[in-house]
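File shown here: model-v7.txt, holding compact mmCIF, N, CA and C atoms.
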# COMPACT_ATOMS: atom_id res chain seq x y z
N MET T 12 -26.00 1.39 84.10
CA MET T 12 -26.93 2.35 84.68
C MET T 12 -26.57 3.76 84.28
N ALA T 13 -25.28 4.07 84.24
CA ALA T 13 -24.84 5.41 83.90
C ALA T 13 -25.21 5.77 82.47
N LEU T 14 -25.21 4.80 81.57
CA LEU T 14 -25.58 5.05 80.19
C LEU T 14 -27.09 5.19 80.03
N GLY T 15 -27.85 4.56 80.91
CA GLY T 15 -29.30 4.59 80.82
C GLY T 15 -29.91 5.93 81.12
N VAL T 16 -29.33 6.68 82.06
CA VAL T 16 -29.88 7.99 82.45
C VAL T 16 -29.76 8.99 81.30
N PRO T 17 -28.59 9.15 80.66
CA PRO T 17 -28.53 10.08 79.52
C PRO T 17 -29.43 9.64 78.36
N ALA T 18 -29.52 8.34 78.13
CA ALA T 18 -30.38 7.86 77.05
C ALA T 18 -31.84 8.18 77.35
N LEU T 19 -32.26 8.00 78.58
CA LEU T 19 -33.64 8.31 78.96
C LEU T 19 -33.91 9.81 78.85
N LEU T 20 -32.94 10.62 79.30
CA LEU T 20 -33.08 12.06 79.20
C LEU T 20 -33.16 12.50 77.74
N GLY T 21 -32.35 11.89 76.89
CA GLY T 21 -32.40 12.20 75.46
C GLY T 21 -33.73 11.83 74.85
N LEU T 22 -34.28 10.69 75.25
CA LEU T 22 -35.58 10.26 74.74
C LEU T 22 -36.69 11.23 75.16
N VAL T 23 -36.65 11.67 76.41
CA VAL T 23 -37.65 12.63 76.90
C VAL T 23 -37.55 13.94 76.13
N LEU T 24 -36.32 14.42 75.93
CA LEU T 24 -36.14 15.66 75.17
C LEU T 24 -36.60 15.51 73.73
N LEU T 25 -36.38 14.35 73.14
CA LEU T 25 -36.83 14.10 71.77
C LEU T 25 -38.36 14.13 71.70
N VAL T 26 -38.99 13.48 72.68
CA VAL T 26 -40.47 13.43 72.69
C VAL T 26 -41.05 14.82 72.93
N LEU T 27 -40.47 15.57 73.85
CA LEU T 27 -41.02 16.88 74.19
C LEU T 27 -40.60 17.97 73.21
N GLY T 28 -39.56 17.72 72.42
CA GLY T 28 -39.06 18.74 71.49
C GLY T 28 -39.50 18.47 70.07
N PRO T 29 -38.60 17.94 69.24
CA PRO T 29 -38.90 17.78 67.81
C PRO T 29 -40.09 16.86 67.52
N LEU T 30 -40.26 15.81 68.29
CA LEU T 30 -41.37 14.90 68.02
C LEU T 30 -42.73 15.60 68.23
N THR T 31 -42.77 16.50 69.19
CA THR T 31 -44.00 17.24 69.43
C THR T 31 -44.38 18.06 68.20
N TRP T 32 -43.41 18.69 67.58
CA TRP T 32 -43.68 19.49 66.38
C TRP T 32 -44.12 18.61 65.22
N VAL T 33 -43.52 17.42 65.12
CA VAL T 33 -43.91 16.51 64.03
C VAL T 33 -45.35 16.05 64.22
N VAL T 34 -45.68 15.68 65.45
CA VAL T 34 -47.04 15.19 65.72
C VAL T 34 -48.05 16.32 65.59
N ALA T 35 -47.71 17.50 66.08
CA ALA T 35 -48.64 18.64 66.04
C ALA T 35 -48.92 19.06 64.60
N GLY T 36 -47.90 19.06 63.77
CA GLY T 36 -48.10 19.34 62.35
C GLY T 36 -48.27 20.80 62.00
N ASP T 37 -48.69 21.01 60.78
CA ASP T 37 -48.81 22.36 60.21
C ASP T 37 -49.85 23.24 60.90
N PRO T 38 -50.97 22.71 61.37
CA PRO T 38 -51.95 23.61 62.01
C PRO T 38 -51.36 24.36 63.20
N VAL T 39 -50.50 23.71 63.98
CA VAL T 39 -49.91 24.38 65.15
C VAL T 39 -48.87 25.40 64.71
N ARG T 40 -48.17 25.13 63.63
CA ARG T 40 -47.17 26.07 63.13
C ARG T 40 -47.83 27.38 62.67
N GLY T 41 -49.06 27.29 62.26
CA GLY T 41 -49.78 28.48 61.81
C GLY T 41 -50.28 29.34 62.96
N LEU T 42 -50.31 28.79 64.17
CA LEU T 42 -50.78 29.56 65.33
C LEU T 42 -49.66 30.45 65.86
N ARG T 43 -50.00 31.41 66.68
CA ARG T 43 -49.02 32.30 67.29
C ARG T 43 -49.32 32.49 68.77
N GLY T 44 -48.28 32.76 69.52
CA GLY T 44 -48.41 33.15 70.93
C GLY T 44 -48.97 32.05 71.82
N LYS T 45 -49.95 32.48 72.63
CA LYS T 45 -50.53 31.58 73.63
C LYS T 45 -51.24 30.40 72.98
N GLU T 46 -51.88 30.59 71.87
CA GLU T 46 -52.58 29.50 71.19
C GLU T 46 -51.60 28.41 70.76
N GLN T 47 -50.46 28.83 70.23
CA GLN T 47 -49.45 27.85 69.81
C GLN T 47 -48.89 27.11 71.02
N ALA T 48 -48.62 27.84 72.11
CA ALA T 48 -48.09 27.22 73.32
C ALA T 48 -49.10 26.22 73.91
N ASP T 49 -50.38 26.59 73.91
CA ASP T 49 -51.42 25.67 74.43
C ASP T 49 -51.53 24.42 73.56
N ALA T 50 -51.47 24.59 72.25
CA ALA T 50 -51.56 23.43 71.35
C ALA T 50 -50.35 22.51 71.52
N LEU T 51 -49.15 23.12 71.66
CA LEU T 51 -47.95 22.30 71.87
C LEU T 51 -48.01 21.56 73.21
N ASN T 52 -48.49 22.23 74.25
CA ASN T 52 -48.62 21.58 75.56
C ASN T 52 -49.62 20.41 75.51
N ALA T 53 -50.71 20.60 74.80
CA ALA T 53 -51.70 19.52 74.66
C ALA T 53 -51.06 18.33 73.93
N THR T 54 -50.27 18.63 72.91
CA THR T 54 -49.59 17.56 72.18
C THR T 54 -48.56 16.89 73.08
N ARG T 55 -47.85 17.69 73.88
CA ARG T 55 -46.84 17.14 74.80
C ARG T 55 -47.47 16.25 75.87
N GLN T 56 -48.72 16.48 76.17
CA GLN T 56 -49.41 15.61 77.14
C GLN T 56 -49.91 14.34 76.45
N THR T 57 -50.35 14.46 75.22
CA THR T 57 -50.92 13.33 74.50
C THR T 57 -49.85 12.33 74.06
N VAL T 58 -48.72 12.82 73.57
CA VAL T 58 -47.68 11.92 73.05
C VAL T 58 -47.15 10.97 74.14
N PRO T 59 -46.76 11.47 75.33
CA PRO T 59 -46.30 10.51 76.36
C PRO T 59 -47.40 9.55 76.82
N ALA T 60 -48.65 10.03 76.87
CA ALA T 60 -49.74 9.15 77.27
C ALA T 60 -49.94 8.04 76.26
N ALA T 61 -49.89 8.39 74.98
CA ALA T 61 -50.03 7.37 73.93
C ALA T 61 -48.84 6.42 73.93
N THR T 62 -47.64 6.97 74.13
CA THR T 62 -46.44 6.12 74.21
C THR T 62 -46.54 5.17 75.39
N GLY T 63 -47.01 5.68 76.52
CA GLY T 63 -47.20 4.82 77.69
C GLY T 63 -48.21 3.72 77.43
N GLY T 64 -49.29 4.06 76.72
CA GLY T 64 -50.29 3.04 76.38
C GLY T 64 -49.72 1.95 75.49
N VAL T 65 -48.90 2.35 74.52
CA VAL T 65 -48.26 1.36 73.63
C VAL T 65 -47.31 0.48 74.43
N VAL T 66 -46.53 1.08 75.33
CA VAL T 66 -45.59 0.31 76.15
C VAL T 66 -46.34 -0.68 77.04
N VAL T 67 -47.44 -0.24 77.62
CA VAL T 67 -48.24 -1.14 78.47
C VAL T 67 -48.81 -2.28 77.64
N ALA T 68 -49.31 -1.99 76.44
CA ALA T 68 -49.86 -3.04 75.58
C ALA T 68 -48.79 -4.04 75.18
N LEU T 69 -47.60 -3.55 74.83
CA LEU T 69 -46.50 -4.47 74.49
C LEU T 69 -46.09 -5.31 75.69
N GLY T 70 -46.05 -4.70 76.86
CA GLY T 70 -45.72 -5.45 78.08
C GLY T 70 -46.76 -6.52 78.37
N LEU T 71 -48.01 -6.20 78.16
CA LEU T 71 -49.08 -7.17 78.37
C LEU T 71 -48.98 -8.33 77.38
N ALA T 72 -48.69 -8.02 76.12
CA ALA T 72 -48.54 -9.07 75.12
C ALA T 72 -47.34 -9.97 75.44
N TYR T 73 -46.24 -9.37 75.88
CA TYR T 73 -45.06 -10.15 76.24
C TYR T 73 -45.35 -11.05 77.44
N THR T 74 -46.06 -10.51 78.43
CA THR T 74 -46.41 -11.29 79.61
C THR T 74 -47.33 -12.45 79.25
N ALA T 75 -48.31 -12.19 78.39
CA ALA T 75 -49.22 -13.26 77.96
C ALA T 75 -48.47 -14.36 77.21
N ARG T 76 -47.55 -13.96 76.36
CA ARG T 76 -46.75 -14.95 75.61
C ARG T 76 -45.88 -15.76 76.56
N THR T 77 -45.24 -15.10 77.51
CA THR T 77 -44.40 -15.80 78.48
C THR T 77 -45.24 -16.77 79.31
N TYR T 78 -46.42 -16.34 79.73
CA TYR T 78 -47.31 -17.22 80.49
C TYR T 78 -47.68 -18.44 79.66
N HIS T 79 -48.04 -18.22 78.40
CA HIS T 79 -48.44 -19.33 77.53
C HIS T 79 -47.29 -20.32 77.35
N LEU T 80 -46.10 -19.82 77.09
CA LEU T 80 -44.94 -20.71 76.90
C LEU T 80 -44.61 -21.46 78.18
N SER T 81 -44.72 -20.79 79.31
CA SER T 81 -44.45 -21.45 80.59
C SER T 81 -45.47 -22.56 80.86
N ARG T 82 -46.71 -22.27 80.56
CA ARG T 82 -47.78 -23.26 80.76
C ARG T 82 -47.56 -24.48 79.86
N ARG T 83 -47.20 -24.24 78.59
CA ARG T 83 -46.93 -25.34 77.66
C ARG T 83 -45.75 -26.18 78.15
N GLY T 84 -44.73 -25.51 78.67
CA GLY T 84 -43.57 -26.23 79.19
C GLY T 84 -43.94 -27.11 80.38
N GLN T 85 -44.80 -26.60 81.25
CA GLN T 85 -45.24 -27.38 82.41
C GLN T 85 -46.05 -28.59 81.97
N VAL T 86 -46.93 -28.41 81.00
CA VAL T 86 -47.74 -29.54 80.51
C VAL T 86 -46.83 -30.59 79.89
N THR T 87 -45.85 -30.16 79.10
CA THR T 87 -44.92 -31.10 78.48
C THR T 87 -44.14 -31.86 79.53
N GLN T 88 -43.68 -31.16 80.55
CA GLN T 88 -42.92 -31.81 81.62
C GLN T 88 -43.79 -32.81 82.38
N ARG T 89 -45.01 -32.43 82.68
CA ARG T 89 -45.91 -33.34 83.39
C ARG T 89 -46.27 -34.55 82.53
N PHE T 90 -46.43 -34.32 81.23
CA PHE T 90 -46.75 -35.41 80.32
C PHE T 90 -45.60 -36.42 80.28
N GLY T 91 -44.37 -35.93 80.20
CA GLY T 91 -43.21 -36.82 80.19
C GLY T 91 -43.10 -37.62 81.48
N ALA T 92 -43.36 -36.97 82.61
CA ALA T 92 -43.32 -37.67 83.89
C ALA T 92 -44.42 -38.73 83.97
N ALA T 93 -45.60 -38.41 83.46
CA ALA T 93 -46.71 -39.37 83.50
C ALA T 93 -46.41 -40.59 82.65
N VAL T 94 -45.81 -40.38 81.47
CA VAL T 94 -45.46 -41.51 80.61
C VAL T 94 -44.39 -42.35 81.28
N GLY T 95 -43.45 -41.71 81.95
CA GLY T 95 -42.43 -42.44 82.70
C GLY T 95 -43.04 -43.27 83.81
N GLN T 96 -44.01 -42.73 84.50
CA GLN T 96 -44.69 -43.48 85.56
C GLN T 96 -45.47 -44.64 84.99
N LEU T 97 -46.04 -44.45 83.83
CA LEU T 97 -46.83 -45.51 83.18
C LEU T 97 -45.95 -46.70 82.82
N SER T 98 -44.70 -46.46 82.53
CA SER T 98 -43.81 -47.56 82.16
C SER T 98 -43.12 -48.20 83.36
N SER T 99 -43.46 -47.77 84.55
CA SER T 99 -42.85 -48.32 85.76
C SER T 99 -43.31 -49.77 86.00
N GLY T 100 -42.52 -50.48 86.74
CA GLY T 100 -42.88 -51.85 87.08
C GLY T 100 -43.83 -51.94 88.28
N LYS T 101 -43.93 -50.86 89.02
CA LYS T 101 -44.79 -50.86 90.21
C LYS T 101 -46.21 -50.43 89.83
N PRO T 102 -47.21 -51.18 90.27
CA PRO T 102 -48.61 -50.84 89.92
C PRO T 102 -49.03 -49.47 90.43
N GLU T 103 -48.59 -49.09 91.64
CA GLU T 103 -49.00 -47.78 92.18
C GLU T 103 -48.39 -46.63 91.37
N GLU T 104 -47.19 -46.83 90.82
CA GLU T 104 -46.58 -45.81 89.96
C GLU T 104 -47.37 -45.68 88.66
N ARG T 105 -47.76 -46.82 88.10
CA ARG T 105 -48.54 -46.78 86.86
C ARG T 105 -49.88 -46.08 87.10
N LEU T 106 -50.48 -46.35 88.25
CA LEU T 106 -51.75 -45.70 88.59
C LEU T 106 -51.56 -44.18 88.71
N ARG T 107 -50.47 -43.76 89.31
CA ARG T 107 -50.16 -42.33 89.38
C ARG T 107 -50.01 -41.74 87.98
N GLY T 108 -49.39 -42.49 87.08
CA GLY T 108 -49.24 -42.03 85.70
C GLY T 108 -50.59 -41.85 85.02
N VAL T 109 -51.50 -42.80 85.26
CA VAL T 109 -52.84 -42.70 84.67
C VAL T 109 -53.57 -41.47 85.21
N PHE T 110 -53.49 -41.23 86.51
CA PHE T 110 -54.14 -40.06 87.10
C PHE T 110 -53.50 -38.76 86.60
N ALA T 111 -52.19 -38.76 86.43
CA ALA T 111 -51.52 -37.56 85.91
C ALA T 111 -51.99 -37.28 84.48
N LEU T 112 -52.12 -38.33 83.67
CA LEU T 112 -52.63 -38.13 82.30
C LEU T 112 -54.06 -37.62 82.32
N GLU T 113 -54.85 -38.10 83.28
CA GLU T 113 -56.23 -37.62 83.40
C GLU T 113 -56.26 -36.13 83.73
N HIS T 114 -55.39 -35.68 84.62
CA HIS T 114 -55.33 -34.25 84.96
C HIS T 114 -54.90 -33.42 83.76
N ILE T 115 -53.92 -33.91 83.01
CA ILE T 115 -53.47 -33.19 81.82
C ILE T 115 -54.61 -33.10 80.82
N LEU T 116 -55.35 -34.17 80.67
CA LEU T 116 -56.48 -34.20 79.75
C LEU T 116 -57.53 -33.16 80.14
N ALA T 117 -57.79 -33.05 81.44
CA ALA T 117 -58.80 -32.09 81.91
C ALA T 117 -58.33 -30.65 81.78
N GLU T 118 -57.03 -30.40 81.99
CA GLU T 118 -56.52 -29.03 82.00
C GLU T 118 -56.09 -28.53 80.63
N SER T 119 -55.81 -29.43 79.71
CA SER T 119 -55.24 -29.02 78.43
C SER T 119 -55.99 -29.68 77.28
N PRO T 120 -57.11 -29.10 76.85
CA PRO T 120 -57.92 -29.72 75.80
C PRO T 120 -57.17 -29.91 74.47
N GLN T 121 -56.20 -29.05 74.17
CA GLN T 121 -55.48 -29.20 72.90
C GLN T 121 -54.58 -30.43 72.90
N GLU T 122 -54.32 -31.01 74.05
CA GLU T 122 -53.50 -32.23 74.13
C GLU T 122 -54.36 -33.49 74.19
N HIS T 123 -55.64 -33.35 73.95
CA HIS T 123 -56.59 -34.47 74.11
C HIS T 123 -56.16 -35.71 73.30
N ALA T 124 -55.88 -35.53 72.03
CA ALA T 124 -55.55 -36.67 71.17
C ALA T 124 -54.28 -37.38 71.64
N THR T 125 -53.28 -36.60 72.02
CA THR T 125 -52.02 -37.20 72.48
C THR T 125 -52.21 -37.96 73.79
N VAL T 126 -52.94 -37.35 74.72
CA VAL T 126 -53.12 -37.98 76.03
C VAL T 126 -53.96 -39.25 75.91
N VAL T 127 -54.93 -39.27 75.03
CA VAL T 127 -55.77 -40.47 74.85
C VAL T 127 -54.98 -41.57 74.15
N THR T 128 -54.08 -41.21 73.26
CA THR T 128 -53.31 -42.19 72.51
C THR T 128 -52.36 -42.98 73.40
N VAL T 129 -51.75 -42.32 74.37
CA VAL T 129 -50.74 -43.00 75.20
C VAL T 129 -51.34 -44.16 76.00
N PRO T 130 -52.41 -43.97 76.78
CA PRO T 130 -52.96 -45.13 77.50
C PRO T 130 -53.51 -46.20 76.55
N ALA T 131 -54.04 -45.77 75.40
CA ALA T 131 -54.55 -46.76 74.43
C ALA T 131 -53.41 -47.63 73.92
N MET T 132 -52.28 -47.02 73.61
CA MET T 132 -51.11 -47.79 73.17
C MET T 132 -50.60 -48.69 74.29
N TYR T 133 -50.61 -48.17 75.52
CA TYR T 133 -50.15 -48.95 76.66
C TYR T 133 -51.01 -50.20 76.83
N VAL T 134 -52.32 -50.02 76.80
CA VAL T 134 -53.23 -51.16 76.97
C VAL T 134 -53.07 -52.14 75.81
N ARG T 135 -52.96 -51.63 74.59
CA ARG T 135 -52.80 -52.48 73.42
C ARG T 135 -51.52 -53.32 73.52
N GLU T 136 -50.44 -52.71 73.96
CA GLU T 136 -49.16 -53.43 74.06
C GLU T 136 -49.18 -54.45 75.20
N ARG T 137 -49.84 -54.13 76.29
CA ARG T 137 -49.83 -55.00 77.47
C ARG T 137 -50.85 -56.14 77.39
N THR T 138 -51.80 -56.06 76.47
CA THR T 138 -52.84 -57.09 76.43
C THR T 138 -52.79 -57.92 75.17
N ARG T 139 -51.65 -57.96 74.52
CA ARG T 139 -51.52 -58.81 73.34
C ARG T 139 -51.64 -60.27 73.74
N ARG T 140 -52.29 -61.03 72.88
CA ARG T 140 -52.45 -62.46 73.17
C ARG T 140 -51.14 -63.18 72.90
N ALA T 141 -50.92 -64.18 73.70
CA ALA T 141 -49.75 -65.03 73.49
C ALA T 141 -50.03 -65.91 72.27
N PRO T 142 -49.00 -66.28 71.53
CA PRO T 142 -49.22 -67.17 70.38
C PRO T 142 -49.85 -68.48 70.84
N THR T 143 -50.72 -69.03 70.01
CA THR T 143 -51.45 -70.25 70.38
C THR T 143 -50.68 -71.52 70.03
N CYS T 144 -49.50 -71.42 69.49
CA CYS T 144 -48.64 -72.56 69.15
C CYS T 144 -49.33 -73.53 68.20
N GLY T 145 -50.05 -73.02 67.24
CA GLY T 145 -50.64 -73.88 66.23
C GLY T 145 -51.93 -74.57 66.66
N VAL T 146 -52.41 -74.37 67.86
CA VAL T 146 -53.64 -75.00 68.30
C VAL T 146 -54.81 -74.20 67.74
N ARG T 147 -55.71 -74.87 67.04
CA ARG T 147 -56.86 -74.20 66.48
C ARG T 147 -58.11 -74.69 67.19
N PHE T 148 -58.99 -73.79 67.37
CA PHE T 148 -60.25 -74.15 68.00
C PHE T 148 -61.30 -74.32 66.93
N SER T 149 -62.09 -75.35 67.11
CA SER T 149 -63.13 -75.64 66.14
C SER T 149 -64.31 -74.73 66.40
N THR T 150 -64.92 -74.30 65.32
CA THR T 150 -66.13 -73.49 65.45
C THR T 150 -67.37 -74.34 65.28
N ALA T 151 -67.19 -75.66 65.10
CA ALA T 151 -68.35 -76.55 64.91
C ALA T 151 -69.08 -76.73 66.21
N PRO T 152 -70.38 -76.85 66.16
CA PRO T 152 -71.14 -77.05 67.40
C PRO T 152 -70.83 -78.41 68.01
N ILE T 153 -70.93 -78.48 69.28
CA ILE T 153 -70.62 -79.72 70.00
C ILE T 153 -71.82 -80.59 70.10

Using structure tokens, write down the structure that the file contains.
Amino acid sequence: MALGVPALLGLVLLVLGPLTWVVAGDPVRGLRGKEQADALNATRQTVPAATGGVVVALGLAYTARTYHLSRRGQVTQRFGAAVGQLSSGKPEERLRGVFALEHILAESPQEHATVVTVPAMYVRERTRRAPTCGVRFSTAPI
């Protein structure tokens, strides 16, 4: 904290001092007296406002990215739990897994293909026919 106060004070002095002259440019250097002071004050008001706008925009972008990553993490976690429930031996757990996959499907359209594939694979694996042990059925009419 002690290092932050001098750094902040230095930043403010930089913005209000040399940076103001850089932003104001040659037209302000050509002015004299009150006109130069008014132009520098206008620049000193504009620079912090623009800096604040950039900081707010960066903060908004960071927040949006964090929200997106958090949401993706939650979907991934819920998807893993649903698949775990689907592989349970209890029918009510499997049903919960199916409903959880349905909710993920409704809330996350980009996961549509993955969510549809899991129950399809589950049904395909669970409904395989048992081998017929060499017994063939005739297709001839009776």

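Minimum atom-to-atom distances from T:Leu20, T:Leu27, T:Val129, T:Val86 to T:Ile115 were compared using all atoms listed in the file, and the lowest value belongs to T:Val86.
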
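Nearest to T:Glu113 of all the residues T:Gly70, T:Thr138, T:Thr87, T:Val126 is T:Val126, counting all atoms listed in the file.
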
- request: Quick one: pull the distance between atom N of T:Lys45 and atom CA of T:Val26, Å, one decimal.
  value: 21.3 Å

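Distance-wise, atom CA of T:Thr57 and atom N of T:Gly21 end up 18.8 Å apart.
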
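Between atom CA of T:Arg107 and atom CA of T:Ala93 there is a distance of 7.4 Å.
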
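Within 7 Å of T:Arg55, once all atoms listed in the file are used and residues closer than 3 positions along the same chain are dropped, the contacting residues are Val26, Leu27, Thr31, Ala50, Leu51, Asn52, Val58, Pro59 and Ala60 of chain T.
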
Show me that you can extract stretch 67-145 of chain T, keeping C-alpha atoms, and write it as an mmCIF file, in the first residue's frame.
data_model
loop_
_atom_site.group_PDB
_atom_site.id
_atom_site.type_symbol
_atom_site.label_atom_id
_atom_site.label_comp_id
_atom_site.auth_asym_id
_atom_site.auth_seq_id
_atom_site.Cartn_x
_atom_site.Cartn_y
_atom_site.Cartn_z
ATOM 1 C CA VAL T 67 -13.668 1.287 -17.781
ATOM 2 C CA ALA T 68 -13.688 -0.384 -21.217
ATOM 3 C CA LEU T 69 -10.788 -2.659 -20.246
ATOM 4 C CA GLY T 70 -12.528 -3.520 -16.978
ATOM 5 C CA LEU T 71 -15.714 -4.348 -18.851
ATOM 6 C CA ALA T 72 -13.841 -6.573 -21.309
ATOM 7 C CA TYR T 73 -12.070 -8.371 -18.446
ATOM 8 C CA THR T 74 -15.368 -8.884 -16.615
ATOM 9 C CA ALA T 75 -17.048 -10.235 -19.754
ATOM 10 C CA ARG T 76 -14.162 -12.652 -20.337
ATOM 11 C CA THR T 77 -14.236 -13.812 -16.717
ATOM 12 C CA TYR T 78 -18.003 -14.332 -16.916
ATOM 13 C CA HIS T 79 -17.645 -16.327 -20.142
ATOM 14 C CA LEU T 80 -14.907 -18.557 -18.711
ATOM 15 C CA SER T 81 -16.873 -19.103 -15.504
ATOM 16 C CA ARG T 82 -19.979 -20.040 -17.473
ATOM 17 C CA ARG T 83 -18.004 -22.497 -19.640
ATOM 18 C CA GLY T 84 -16.521 -24.052 -16.505
ATOM 19 C CA GLN T 85 -19.970 -24.510 -14.987
ATOM 20 C CA VAL T 86 -21.306 -26.137 -18.160
ATOM 21 C CA THR T 87 -18.312 -28.487 -18.268
ATOM 22 C CA GLN T 88 -18.781 -29.415 -14.619
ATOM 23 C CA ARG T 89 -22.503 -30.033 -15.073
ATOM 24 C CA PHE T 90 -21.848 -32.071 -18.211
ATOM 25 C CA GLY T 91 -19.371 -34.300 -16.346
ATOM 26 C CA ALA T 92 -21.830 -34.813 -13.501
ATOM 27 C CA ALA T 93 -24.634 -35.664 -15.948
ATOM 28 C CA VAL T 94 -22.489 -38.259 -17.715
ATOM 29 C CA GLY T 95 -21.594 -39.728 -14.327
ATOM 30 C CA GLN T 96 -25.270 -39.964 -13.427
ATOM 31 C CA LEU T 97 -26.018 -41.594 -16.768
ATOM 32 C CA SER T 98 -23.574 -44.390 -15.993
ATOM 33 C CA SER T 99 -25.125 -45.082 -12.588
ATOM 34 C CA GLY T 100 -26.779 -48.384 -11.824
ATOM 35 C CA LYS T 101 -29.853 -46.714 -10.344
ATOM 36 C CA PRO T 102 -32.629 -45.800 -12.812
ATOM 37 C CA GLU T 103 -33.521 -42.572 -10.973
ATOM 38 C CA GLU T 104 -29.868 -41.418 -11.185
ATOM 39 C CA ARG T 105 -29.811 -42.126 -14.910
ATOM 40 C CA LEU T 106 -33.037 -40.174 -15.313
ATOM 41 C CA ARG T 107 -31.462 -37.238 -13.466
ATOM 42 C CA GLY T 108 -28.525 -37.448 -15.868
ATOM 43 C CA VAL T 109 -30.864 -37.314 -18.871
ATOM 44 C CA PHE T 110 -32.659 -34.253 -17.457
ATOM 45 C CA ALA T 111 -29.333 -32.566 -16.676
ATOM 46 C CA LEU T 112 -28.215 -33.130 -20.278
ATOM 47 C CA GLU T 113 -31.518 -31.682 -21.463
ATOM 48 C CA HIS T 114 -30.929 -28.517 -19.407
ATOM 49 C CA ILE T 115 -27.388 -28.181 -20.760
ATOM 50 C CA LEU T 116 -28.750 -28.597 -24.272
ATOM 51 C CA ALA T 117 -31.304 -25.829 -23.720
ATOM 52 C CA GLU T 118 -28.853 -23.407 -22.065
ATOM 53 C CA SER T 119 -25.769 -23.987 -24.192
ATOM 54 C CA PRO T 120 -26.459 -24.220 -27.937
ATOM 55 C CA GLN T 121 -22.753 -24.532 -28.798
ATOM 56 C CA GLU T 122 -22.671 -27.846 -26.897
ATOM 57 C CA HIS T 123 -25.583 -29.276 -28.905
ATOM 58 C CA ALA T 124 -23.587 -31.883 -30.844
ATOM 59 C CA THR T 125 -21.756 -33.141 -27.760
ATOM 60 C CA VAL T 126 -24.877 -33.353 -25.611
ATOM 61 C CA VAL T 127 -26.832 -35.210 -28.313
ATOM 62 C CA THR T 128 -23.970 -37.659 -28.905
ATOM 63 C CA VAL T 129 -23.758 -38.853 -25.287
ATOM 64 C CA PRO T 130 -27.334 -40.194 -24.917
ATOM 65 C CA ALA T 131 -27.156 -41.623 -28.451
ATOM 66 C CA MET T 132 -24.006 -43.551 -27.535
ATOM 67 C CA TYR T 133 -25.589 -44.635 -24.250
ATOM 68 C CA VAL T 134 -28.681 -46.001 -25.989
ATOM 69 C CA ARG T 135 -26.587 -47.660 -28.703
ATOM 70 C CA GLU T 136 -24.377 -49.408 -26.130
ATOM 71 C CA ARG T 137 -27.274 -50.503 -23.908
ATOM 72 C CA THR T 138 -29.493 -51.870 -26.678
ATOM 73 C CA ARG T 139 -27.072 -54.098 -28.536
ATOM 74 C CA ARG T 140 -28.561 -57.416 -29.514
ATOM 75 C CA ALA T 141 -27.282 -60.531 -27.882
ATOM 76 C CA PRO T 142 -25.566 -62.968 -30.254
ATOM 77 C CA THR T 143 -28.034 -65.414 -31.807
ATOM 78 C CA CYS T 144 -25.692 -68.418 -31.338
ATOM 79 C CA GLY T 145 -25.845 -69.447 -34.977
#
